[in-house]
Amino acid sequence: MYLKEIIINGFKSFPEKTVIKINSEFTAVVGPNGSGKSNISDAFKWVMGEQSAKTLRGTKMEDVIFAGTERRKPLGYAEVNLVFDNSDKRLPIEYQEVCVTRRLFRTGESEYLLNKTSTRLKEIRELFMNTGIGIDGYSIIGQGRVEDIVGTKSETRRKVIEEAAGIVKFKTRKEESIRK
Ligand code: ATP
Ligand code: MG
C-alpha cells in the first residue's frame with residue numbers, strides 16, 4: 001500500500017486542480033521559497049484529519065481555502081484527495097485503490113469521503129491505524145518529531161514505536177470500550 005497521488009483543488013496556494021503523482025520509490029519536491037512545497041504536506045495532514053489550524057500554519061481552519069491573489073478571486077471551498085494503491089490489501093477494505101477526500105466550504109460545512117462516499121473521520125482513522133499513515137503516524141517526520149524519536153522522553157518514543165508495531169488500533173479500542 002502506498003500513496004499514489006495527491007489531488008489538490010482550492011487548498012492554500014493551489015487554486016486550480018493540481019495532480020501530484022508519487023509513483024517512484026523516492027519523490028523529492030523542489031521549488032523556490034514560498035512556492036507551495038510545505039502546502040503539499042499540509043494538504044496530506046489535513047485529509048488525514050488534522051484539526052489544528054496552527055499545525056497547518058494558519059490561524060483558523062478557513063485559512064486552508066485559497067484566499068485569492070491580485071489576479072484571482074478567493075475560492076469558496078478547498079478539496080484534497082489522497083489516492084492510495086491498495087493492491088496488497090494492507091488497508092482492510094476490498095478496494096484496489098482507496099481515495100480519501102476532505103472538503104471544507106467557507107460557510108463552515110465540511111465533509112470526509114471514502115471512495116467518493118460520505119464518511120466520518122473516525123472511519124478513516126480506523127482504516128489507517130497501524131499503517132503508520134496519519135497525523136500521528138511515522139510517515140511524516142517533521143522537525144519536532146525527530147526529537148521525539150531520538151530524545152529522552154520515553155513516553156513519546158513509546159508512542160512512535162507502538163504505532164510502528166501495530167498495536168495502537170487495539171489500544172484505542174480498549175480505551176473506547178472502557179469509556180463506554
Ligand atoms: P519554503 O521553501 O520557504 O519552505 P514552501 O515552498 O514550503 O516555501 P509554502 O509554505 O508551502 O512554501 O507556501 C507558502 C505560500 O502559500 C505563500 O506564498 C502563501 O501566500 C501561500 N498560501 C498559504 N495559504 C494560502 C491561501 N489560503 N490562499 C492563497 N495562498 C496561500
Ligand atoms: Mg516550506
# chains A, B, ... in the order shown; residues from 1 in each chain; ligands from 1
call {"tool": "closest_atom_pairs", "arguments": {"of": "chain A", "to": "ligand 1", "cutoff": "8 Å", "atoms": "only C-alpha atoms and all ligand atoms", "output": "tab-separated table"}}
result
residue	atom	partner	partner_atom_place_in_ligand_line	distance
A:Phe11	CA	ligand 1	27 (N)	6.6
A:Lys12	CA	ligand 1	26 (C)	3.6
A:Ser13	CA	ligand 1	30 (N)	3.8
A:Phe14	CA	ligand 1	29 (C)	7.2
A:Pro15	CA	ligand 1	29 (C)	7.7
A:Val30	CA	ligand 1	6 (O)	7.7
A:Gly31	CA	ligand 1	6 (O)	6.0
A:Pro32	CA	ligand 1	2 (O)	5.6
A:Asn33	CA	ligand 1	2 (O)	3.4
A:Gly34	CA	ligand 1	12 (O)	3.3
A:Ser35	CA	ligand 1	6 (O)	4.0
A:Gly36	CA	ligand 1	11 (O)	3.1
A:Lys37	CA	ligand 1	6 (O)	3.6
A:Ser38	CA	ligand 1	11 (O)	3.5
A:Asn39	CA	ligand 1	11 (O)	3.7
A:Ile40	CA	ligand 1	11 (O)	6.6
A:Asp42	CA	ligand 1	11 (O)	8.0
A:Gly58	CA	ligand 1	24 (N)	7.5
A:Glu62	CA	ligand 1	27 (N)	7.7
A:Asp63	CA	ligand 1	27 (N)	4.8
A:Val64	CA	ligand 1	27 (N)	4.7
A:Ile65	CA	ligand 1	27 (N)	4.6
A:Phe66	CA	ligand 1	28 (N)	3.5
A:Ala67	CA	ligand 1	28 (N)	3.7
A:Gly68	CA	ligand 1	29 (C)	5.6
A:Thr69	CA	ligand 1	29 (C)	6.9
A:Pro74	CA	ligand 1	28 (N)	7.5
call {"tool": "write_last_selection", "arguments": {"atoms": "C-alpha atoms", "output": "PDB file, in the first residue's frame"}}
result
ATOM      1  CA  PHE A  11      -6.330  24.329  -0.966  1.00  0.00           C
ATOM      2  CA  LYS A  12      -3.928  27.113   0.089  1.00  0.00           C
ATOM      3  CA  SER A  13      -1.790  28.158  -2.893  1.00  0.00           C
ATOM      4  CA  PHE A  14      -3.453  25.691  -5.323  1.00  0.00           C
ATOM      5  CA  PRO A  15      -6.487  27.451  -6.864  1.00  0.00           C
ATOM      6  CA  VAL A  30      11.761  21.142  -5.032  1.00  0.00           C
ATOM      7  CA  GLY A  31      10.971  24.801  -5.673  1.00  0.00           C
ATOM      8  CA  PRO A  32      11.749  28.340  -4.544  1.00  0.00           C
ATOM      9  CA  ASN A  33      10.736  29.688  -1.142  1.00  0.00           C
ATOM     10  CA  GLY A  34       7.009  30.239  -0.888  1.00  0.00           C
ATOM     11  CA  SER A  35       6.202  28.150  -3.950  1.00  0.00           C
ATOM     12  CA  GLY A  36       3.959  25.741  -2.031  1.00  0.00           C
ATOM     13  CA  LYS A  37       6.147  22.756  -1.063  1.00  0.00           C
ATOM     14  CA  SER A  38       5.067  22.710   2.564  1.00  0.00           C
ATOM     15  CA  ASN A  39       1.462  23.303   1.488  1.00  0.00           C
ATOM     16  CA  ILE A  40       1.575  19.831  -0.074  1.00  0.00           C
ATOM     17  CA  ASP A  42      -0.171  20.381   4.929  1.00  0.00           C
ATOM     18  CA  GLY A  58      -2.906  29.238   9.784  1.00  0.00           C
ATOM     19  CA  GLU A  62     -10.806  28.635   6.794  1.00  0.00           C
ATOM     20  CA  ASP A  63      -7.229  29.725   6.051  1.00  0.00           C
ATOM     21  CA  VAL A  64      -6.687  26.497   4.107  1.00  0.00           C
ATOM     22  CA  ILE A  65      -9.075  27.726   1.406  1.00  0.00           C
ATOM     23  CA  PHE A  66      -7.410  29.629  -1.430  1.00  0.00           C
ATOM     24  CA  ALA A  67      -7.600  33.249  -0.276  1.00  0.00           C
ATOM     25  CA  GLY A  68      -7.160  34.916  -3.661  1.00  0.00           C
ATOM     26  CA  THR A  69      -4.385  36.974  -5.202  1.00  0.00           C
ATOM     27  CA  PRO A  74     -10.799  33.799  -3.433  1.00  0.00           C
TER      28      PRO A  74
END
call {"tool": "select_by_dssp", "arguments": {"residues": "range 56-86 of chain A", "states": "helix (DSSP H, G or I)", "output": "list in words"}}
result
Met61, Glu62, Asp63 and Val64 of chain A
call {"tool": "write_last_selection", "arguments": {"atoms": "N, CA and C atoms", "output": "compact mmCIF listing (two decimals), in the first residue's frame"}}
result
# COMPACT_ATOMS: atom_id res chain seq x y z
N MET A 61 -9.34 27.46 10.56
CA MET A 61 -9.37 26.41 9.55
C MET A 61 -9.66 26.96 8.15
N GLU A 62 -10.47 28.03 8.09
CA GLU A 62 -10.81 28.63 6.79
C GLU A 62 -9.56 29.07 6.01
N ASP A 63 -8.46 29.29 6.72
CA ASP A 63 -7.23 29.73 6.05
C ASP A 63 -6.67 28.71 5.06
N VAL A 64 -7.18 27.47 5.09
CA VAL A 64 -6.69 26.50 4.11
C VAL A 64 -7.35 26.70 2.74
call {"tool": "closest_residue", "arguments": {"among": "A:Val83, A:Leu3, A:Val150, A:Met129", "to": "Ile167 in chain A", "atoms": "only C-alpha atoms"}}
result
A:Met129
call {"tool": "atom_distance", "arguments": {"atom1": "CA of Glu126 in chain A", "atom2": "CA of Thr172 in chain A"}}
result
9.4 Å
call {"tool": "atom_distance", "arguments": {"atom1": "CA of Gly134 in chain A", "atom2": "CA of Arg106 in chain A"}}
result
24.8 Å
call {"tool": "closest_residue", "arguments": {"among": "A:Leu91, A:Val160, A:Leu113, A:Val19", "to": "Val146 in chain A", "atoms": "only C-alpha atoms"}}
result
A:Val160
call {"tool": "residues_around", "arguments": {"residues": "Ile7 in chain A", "least_positions_apart": "5", "cutoff": "6 Å", "atoms": "only C-alpha atoms", "output": "PyMOL selection string"}}
result
chain A and resi 18-19+80-81
call {"tool": "write_last_selection", "arguments": {"atoms": "N, CA and C atoms", "output": "compact mmCIF listing (two decimals), in the first residue's frame"}}
result
# COMPACT_ATOMS: atom_id res chain seq x y z
N THR A 18 -4.73 20.38 -9.09
CA THR A 18 -3.33 20.01 -9.28
C THR A 18 -3.12 18.56 -8.89
N VAL A 19 -2.59 17.76 -9.81
CA VAL A 19 -2.38 16.35 -9.54
C VAL A 19 -0.89 16.11 -9.30
N VAL A 80 -9.11 18.21 -1.04
CA VAL A 80 -7.88 17.44 -1.30
C VAL A 80 -8.24 15.96 -1.31
N ASN A 81 -7.70 15.25 -2.31
CA ASN A 81 -7.90 13.80 -2.41
C ASN A 81 -6.55 13.11 -2.26
call {"tool": "closest_residue", "arguments": {"among": "A:Arg71, A:Gly151, A:Glu97, A:Val29", "to": "ligand 2", "atoms": "only C-alpha atoms and all ligand atoms"}}
result
A:Val29
call {"tool": "residues_around", "arguments": {"residues": "Ile93 in chain A", "least_positions_apart": "2", "cutoff": "12 Å", "atoms": "only C-alpha atoms", "output": "PyMOL selection string"}}
result
chain A and resi 1+84-91+95-99+114-115+123-124+126-128
call {"tool": "residues_around", "arguments": {"residues": "Ser139 in chain A", "least_positions_apart": "2", "cutoff": "12 Å", "atoms": "only C-alpha atoms", "output": "list in words"}}
result
Tyr2, Leu3, Ser41, Phe44, Lys45, Met48, Phe128, Met129, Asn130, Thr131, Gly132, Ile133, Gly134, Ile135, Asp136, Gly137, Ile141, Gly142, Arg145, Val146, Val160, Glu163 and Ala164 of chain A
call {"tool": "select_by_dssp", "arguments": {"residues": "range 15-178 of chain A", "states": "strand (DSSP E)", "output": "NGL selection string"}}
result
:A and (18-21 or 77-85 or 97-105 or 110-114 or 117-119)
call {"tool": "write_last_selection", "arguments": {"atoms": "C-alpha atoms", "output": "PDB file, in the first residue's frame"}}
result
ATOM      1  CA  THR A  18      -3.326  20.008  -9.282  1.00  0.00           C
ATOM      2  CA  VAL A  19      -2.376  16.347  -9.536  1.00  0.00           C
ATOM      3  CA  ILE A  20       0.833  15.352  -7.792  1.00  0.00           C
ATOM      4  CA  LYS A  21       1.888  11.880  -8.862  1.00  0.00           C
ATOM      5  CA  TYR A  77     -14.071  25.729  -0.840  1.00  0.00           C
ATOM      6  CA  ALA A  78     -10.982  23.549  -0.626  1.00  0.00           C
ATOM      7  CA  GLU A  79     -10.771  19.888  -1.542  1.00  0.00           C
ATOM      8  CA  VAL A  80      -7.882  17.445  -1.300  1.00  0.00           C
ATOM      9  CA  ASN A  81      -7.896  13.805  -2.412  1.00  0.00           C
ATOM     10  CA  LEU A  82      -5.303  11.220  -1.404  1.00  0.00           C
ATOM     11  CA  VAL A  83      -5.201   8.205  -3.690  1.00  0.00           C
ATOM     12  CA  PHE A  84      -3.610   5.066  -2.238  1.00  0.00           C
ATOM     13  CA  ASP A  85      -2.683   1.927  -4.113  1.00  0.00           C
ATOM     14  CA  GLU A  97      -7.474   1.829  -4.929  1.00  0.00           C
ATOM     15  CA  VAL A  98      -8.561   3.905  -1.962  1.00  0.00           C
ATOM     16  CA  CYS A  99      -9.368   7.579  -2.306  1.00  0.00           C
ATOM     17  CA  VAL A 100      -9.721   9.684   0.828  1.00  0.00           C
ATOM     18  CA  THR A 101     -11.198  13.161   0.428  1.00  0.00           C
ATOM     19  CA  ARG A 102     -11.689  16.103   2.723  1.00  0.00           C
ATOM     20  CA  ARG A 103     -13.678  19.193   1.745  1.00  0.00           C
ATOM     21  CA  LEU A 104     -14.242  22.444   3.535  1.00  0.00           C
ATOM     22  CA  PHE A 105     -16.582  25.228   2.464  1.00  0.00           C
ATOM     23  CA  SER A 110     -17.104  20.144   5.874  1.00  0.00           C
ATOM     24  CA  GLU A 111     -17.031  16.533   4.849  1.00  0.00           C
ATOM     25  CA  TYR A 112     -14.876  13.439   4.515  1.00  0.00           C
ATOM     26  CA  LEU A 113     -15.314  10.918   1.724  1.00  0.00           C
ATOM     27  CA  LEU A 114     -14.005   7.409   1.265  1.00  0.00           C
ATOM     28  CA  THR A 117     -18.904   8.100  -0.350  1.00  0.00           C
ATOM     29  CA  SER A 118     -19.532  10.319   2.628  1.00  0.00           C
ATOM     30  CA  THR A 119     -17.877   9.034   5.793  1.00  0.00           C
TER      31      THR A 119
END
call {"tool": "closest_residue", "arguments": {"among": "A:Arg173, A:Phe26, A:Arg157, A:Ser52", "to": "Lys122 in chain A", "atoms": "only C-alpha atoms"}}
result
A:Arg173
call {"tool": "atom_distance", "arguments": {"atom1": "CA of Lys17 in chain A", "atom2": "CA of Lys54 in chain A"}}
result
24.6 Å
call {"tool": "closest_residue", "arguments": {"among": "A:Leu121, A:Leu56, A:Ile161, A:Val168", "to": "ligand 2", "atoms": "only C-alpha atoms and all ligand atoms"}}
result
A:Leu56
